[in-house]
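Asks: Provided herewith is a single structure, encoded as structure tokens, for subsequent inquiry.
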Amino acid sequence: MNSPGAAQGTNAALAAGVGAIVLSIVLPLPPILLDLLLSFNLSLSLVILFTSLYTREPVQFSSFPSLLLITTLFRLALNVSATRLILLQAFAGQVIDSFGRFVVGGNAVVGFLVFIIIVVIQFLVITRGAERVAEVAARFTLDAMPGKQLAIDADLNAGLVGEDEARKRRAAIEQEADFYGAMDGAAKYIKGDAVAALFIVAVNLIGGFVAGIVQRGFTFEEALATYALLTVGNGLATQIPALLISTAMGFVVTRAAGDTELGQDIAQQLVRNPRVLGLTGAAVGLLGLIPGLPTVPFLVLGSLALVMMVALQRRTRRLEAGAGHAPSTPGIPEDVTGLIDLDPLEVELGYGLLGLADPAQGGDLLDRVAQVRRQTALDLGISIPPVRIRDNLNLKPQQYVIRLRSVSVGKGELPVGRSLAIGPDELEPPEDALRTEDPAFGLPAWWVPRAAGARAETQGYTVVEPSAVIATHLSEQVRRYAPELFGRQELQGLVELMRARYPALVDDLLPHRLSLGEVLRVIQNLLREGIPLRDPVGVFEALADASTSSRDPELLTAFVRRRLKRQLRVQFDLGTGRRAVTVDPEAERRILENTVPGDEGPVLRIDPPALRAFQSALREHLSRMDAEGRPPLLLCSGPVRAAVRRVAEATIPGTVVLAYDELDSQARIEPVGMVGW
């Protein structure tokens, strides 16, 4: 990146150069300075031409439209200065004289014809074609802008790109539209320059004859020999660079975006098929054998094409041999890394549901998925990976599947033209409805026609659109599998975010006291029991304190839970006299004696009849509380909480198991039973 000082110097030099160009139109230039400027003009046109050849994308040469204006003004200034010297001194420097004498052999007629041919090529062929391409490209670029911006918004909402990447893509689209629009107008400069060149030639020729015969006393032959050659030399010296620049414009506006330069693209695409070279060589060789046509050129070119075909075939065989003689299957990519699925969470749609993910068809699934990720961040305090939405032709047209690490964790089917109406069985069935269950919660529901949605709402049903059904189902699976979705990569992102604001805390904890994996185990334990990571600073502080005495993830989790007493009270609504079941002290003693550590936490190892008796007692007490409409609450002592929780979860999923030392002073609990053997 250029420094500010260098940028200011470049801008100052450009301003000085443009000012000098304007002044040269008014002030006379000596012949030696005109020679230098004409040589510089030719050199600059070559630089522009070669730059256009090595440009991979048109917008990489975004300064080209402005450069066209500057070079056109520069050529016009040179033409004016040359005209002044031709009419006043009958000499305009060595460059113009050389172009008039040596380039066209001193023949004014040949010079005029060459000049006219160059102007026609530039004006009618290259400039007009480039102008048309730039005009069409500008129109199509502007027409495609809304679709491209919608695609960027869709990727942003789906989490496939970040804000910075989306901003860069939008800027690239705007730059592309501005570039082609500017090129459409800049092409007029070269067209006008070609017309001006014809006018200047006429002025130089007619004015030169008048000045030479009337003022200098030249004869007609002397005036023709002098001014005709000077006029032709001036025209060629300025129009050859103009032809090079108009050719560069044609290269730029016709260049499609790619990863290689134009020369590489042409070479690879023309000679990549040996059969094409073989057919070409045979056809050209046959032309050389036809009587009346030149034999040697056609046979030489045909032989060269056949030699290139043989060389290309040998190179292809060497490459295949170097690859271990692996069989080549058409249509199968050589690089299989793109087939490896790295997206932990996916939503696959049957082709009949693709419209839900297409904003152009009014689909809002991408927005709803983005909202699921935002809501998860608010509710659980974690950032889940982006959700990939893709089509799957193996599914039924109206079917969708939610996959976690390529394994299906939920699926459903959405009938065409219907919405989901959820309500209790006591309500009157909606008109023309199909019986079903809510795929997210298993509640009784009906599929009702879209037109009957408002009527179903008046009956007391909650009507949900198809895209909302998928989003809700996805949200529940995200909450259920949050411990698996929050991995080391996500934890590392959280650590970097906290390091920016709490560097002392993070540096003290990681990696000196605990490893990243040990911290991850604790957070996953919290998420597994539905405890969100809303206070990551408090969690890290608790881990830093507890790590001085233990690095056992289960003990660390218990310590963190005790630090989160206030959050547990609010989350589980413990301040309003919530009913709870306790565990008998004798049962706790037996559990503690028969608990052994395991890879996934403490494991209760007692004889099966005793375990079934304990589960039966749990089911009897907790099922009464399950009817209250919220998860049942079970209280026990801290040392056995983890083991009791595993048994309770296997008995009645969703049971909240808390230890006595996890209740703060404002908790209000109403015991309604005691579980024992």
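Each chain in the structure tokens gets a letter, A, B, ..., in the order shown, and its residues are numbered from 1; ligands are numbered from 1 in order too.
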For A:Gly302, work out the shell of residues within 7 Å, counting only C-alpha atoms and skipping chain neighbours fewer than 3 positions away, then give it as a PyMOL selection string.
Replies: chain A and resi 281-282+284-285+298-299+305-306
Asks: When you look at A:Leu365 with a cut-off of 9 Å (counting only C-alpha atoms), what residues show up, excluding the ones that are within fewer than 5 positions of it in the same chain? I need them as a ChimeraX atom specification.
Replies: /A:356-359,370,466-468,470-471
Asks: Name the residues of stretch 279-520 of chain A that come out as strand (DSSP E) in a backbone DSSP run; write them as a count of residues only.
Replies: 41
Asks: Between atom CA of A:Leu434 and atom CA of A:Val448, what is the distance in Å, rounded to a tenth?
Replies: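 According to the coordinates, atom CA of A:Leu434 and atom CA of A:Val448 are separated by 6.7 Å.
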Asks: Restricting the calculation to only C-alpha atoms: of A:Leu395, A:Val657, A:Ala445, A:Leu243, which residue gets closest to A:Tyr461?
Replies: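 Selected residue with least distance to A:Tyr461: A:Ala445.
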Asks: As a PyMOL selection string, please: the residues near stretch 528-542 of chain A (cut-off 6 Å, only C-alpha atoms, same-chain neighbours under 4 positions excluded).
Replies: chain A and resi 380-381+483+524+560
Asks: Can you write just those residues out, C-alpha atoms, as a CSV table (one decimal), in the first residue's frame?
Replies:
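part05.csv written:
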chain,number,residue,atom,x,y,z
A,380,LEU,CA,-27.5,-19.4,24.9
A,381,GLY,CA,-24.7,-16.9,24.8
A,483,PRO,CA,-22.9,-28.8,23.2
A,524,GLN,CA,-20.4,-28.2,27.1
A,560,VAL,CA,-19.0,-22.8,38.1
Asks: Taking 6 positions as the minimum chain separation for residues in the same chain, which residues sit within 9 Å of A:Arg566 when counting only C-alpha atoms? Answer as a list in words.
Replies: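 In the requested format, the answer is Glu662, Leu663, Asp664, Gln666 and Ala667 of chain A.
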Asks: Keeping C-alpha atoms for every residue in the selection just given, could you write it to a file as a PDB file, in the first residue's frame?
Replies:
ATOM      1  CA  GLU A 662     -26.576 -24.107  44.064  1.00  0.00           C
ATOM      2  CA  LEU A 663     -29.566 -22.304  45.610  1.00  0.00           C
ATOM      3  CA  ASP A 664     -28.997 -18.678  46.559  1.00  0.00           C
ATOM      4  CA  GLN A 666     -33.561 -15.659  47.436  1.00  0.00           C
ATOM      5  CA  ALA A 667     -34.581 -19.109  46.196  1.00  0.00           C
TER       6      ALA A 667
END
Asks: Which residues come within 12 Å of A:Arg590, counting only C-alpha atoms, excluding same-chain residues fewer than 3 positions away, as a PyMOL selection string?
Replies: chain A and resi 583-587+593-595+604-607+610-611+614+639-640+643-644+676-677
Asks: Restricting the output to C-alpha atoms, write the selected residues as a CSV table (one decimal), in the first residue's frame.
Replies:
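After the write, selection_0.csv holds the following:
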chain,number,residue,atom,x,y,z
A,583,VAL,CA,-33.6,-37.3,47.3
A,584,ASP,CA,-33.6,-39.3,50.5
A,585,PRO,CA,-30.2,-39.0,52.4
A,586,GLU,CA,-29.9,-42.8,52.6
A,587,ALA,CA,-30.4,-43.1,48.9
A,593,GLU,CA,-20.8,-45.3,47.4
A,594,ASN,CA,-21.6,-46.8,44.0
A,595,THR,CA,-20.5,-43.9,41.8
A,604,LEU,CA,-23.8,-45.0,38.9
A,605,ARG,CA,-23.0,-48.7,39.1
A,606,ILE,CA,-25.6,-50.5,41.2
A,607,ASP,CA,-27.5,-53.8,40.6
A,610,ALA,CA,-32.1,-51.4,42.7
A,611,LEU,CA,-31.6,-49.0,39.8
A,614,PHE,CA,-35.0,-45.9,42.1
A,639,PRO,CA,-21.5,-34.8,45.5
A,640,VAL,CA,-24.2,-36.9,44.0
A,643,ALA,CA,-24.9,-39.1,39.0
A,644,VAL,CA,-28.5,-38.4,40.0
A,676,GLY,CA,-35.6,-43.2,47.9
A,677,TRP,CA,-35.3,-47.0,47.6
Asks: Please list as a VMD selection string every residue within 10 Å of stretch 91-99 of chain A, counting only C-alpha atoms and excluding residues in the same chain fewer than 5 positions away.
Replies: chain A and resid 29 to 39 81 to 86 104 to 106 111 226 to 227 229 to 238
Asks: What is the distance, in Å and to one decimal place, between atom CA of A:Thr55 and atom CA of A:Val252?
Replies: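 Atom-to-atom, atom CA of A:Thr55 to atom CA of A:Val252, that is 7.6 Å.
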Asks: From a backbone DSSP assignment, name each residue in stretch 339-384 of chain A labelled alpha helix (DSSP H), as a ChimeraX atom specification.
Replies: /A:365-380
Asks: Could those selected residues go to a file with N, CA and C atoms, as a tab-separated table (two decimals), in the first residue's frame?
Replies:
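again.tsv, written as the output of this step:
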chain	number	residue	atom	x	y	z
A	365	LEU	N	-36.74	-18.03	4.04
A	365	LEU	CA	-36.08	-19.02	4.90
A	365	LEU	C	-34.69	-18.56	5.32
A	366	LEU	N	-33.95	-17.91	4.41
A	366	LEU	CA	-32.60	-17.45	4.75
A	366	LEU	C	-32.65	-16.43	5.88
A	367	ASP	N	-33.62	-15.52	5.82
A	367	ASP	CA	-33.76	-14.54	6.90
A	367	ASP	C	-34.13	-15.21	8.21
A	368	ARG	N	-34.99	-16.21	8.15
A	368	ARG	CA	-35.40	-16.90	9.38
A	368	ARG	C	-34.24	-17.70	9.98
A	369	VAL	N	-33.42	-18.31	9.13
A	369	VAL	CA	-32.26	-19.04	9.64
A	369	VAL	C	-31.28	-18.09	10.30
A	370	ALA	N	-31.08	-16.93	9.67
A	370	ALA	CA	-30.20	-15.93	10.29
A	370	ALA	C	-30.76	-15.48	11.64
A	371	GLN	N	-32.08	-15.37	11.73
A	371	GLN	CA	-32.70	-14.99	13.00
A	371	GLN	C	-32.51	-16.09	14.05
A	372	VAL	N	-32.54	-17.35	13.62
A	372	VAL	CA	-32.28	-18.45	14.55
A	372	VAL	C	-30.89	-18.34	15.15
A	373	ARG	N	-29.90	-18.02	14.30
A	373	ARG	CA	-28.54	-17.89	14.80
A	373	ARG	C	-28.42	-16.71	15.76
A	374	ARG	N	-29.08	-15.59	15.41
A	374	ARG	CA	-29.03	-14.43	16.31
A	374	ARG	C	-29.72	-14.73	17.64
A	375	GLN	N	-30.89	-15.38	17.57
A	375	GLN	CA	-31.62	-15.68	18.80
A	375	GLN	C	-30.86	-16.68	19.66
A	376	THR	N	-30.18	-17.62	19.03
A	376	THR	CA	-29.37	-18.57	19.78
A	376	THR	C	-28.25	-17.86	20.52
A	377	ALA	N	-27.63	-16.88	19.84
A	377	ALA	CA	-26.57	-16.11	20.49
A	377	ALA	C	-27.11	-15.35	21.69
A	378	LEU	N	-28.35	-14.83	21.58
A	378	LEU	CA	-28.94	-14.09	22.70
A	378	LEU	C	-29.35	-15.03	23.83
A	379	ASP	N	-29.96	-16.17	23.49
A	379	ASP	CA	-30.50	-17.06	24.52
A	379	ASP	C	-29.43	-17.92	25.18
A	380	LEU	N	-28.54	-18.47	24.39
A	380	LEU	CA	-27.54	-19.40	24.93
A	380	LEU	C	-26.18	-18.75	25.15
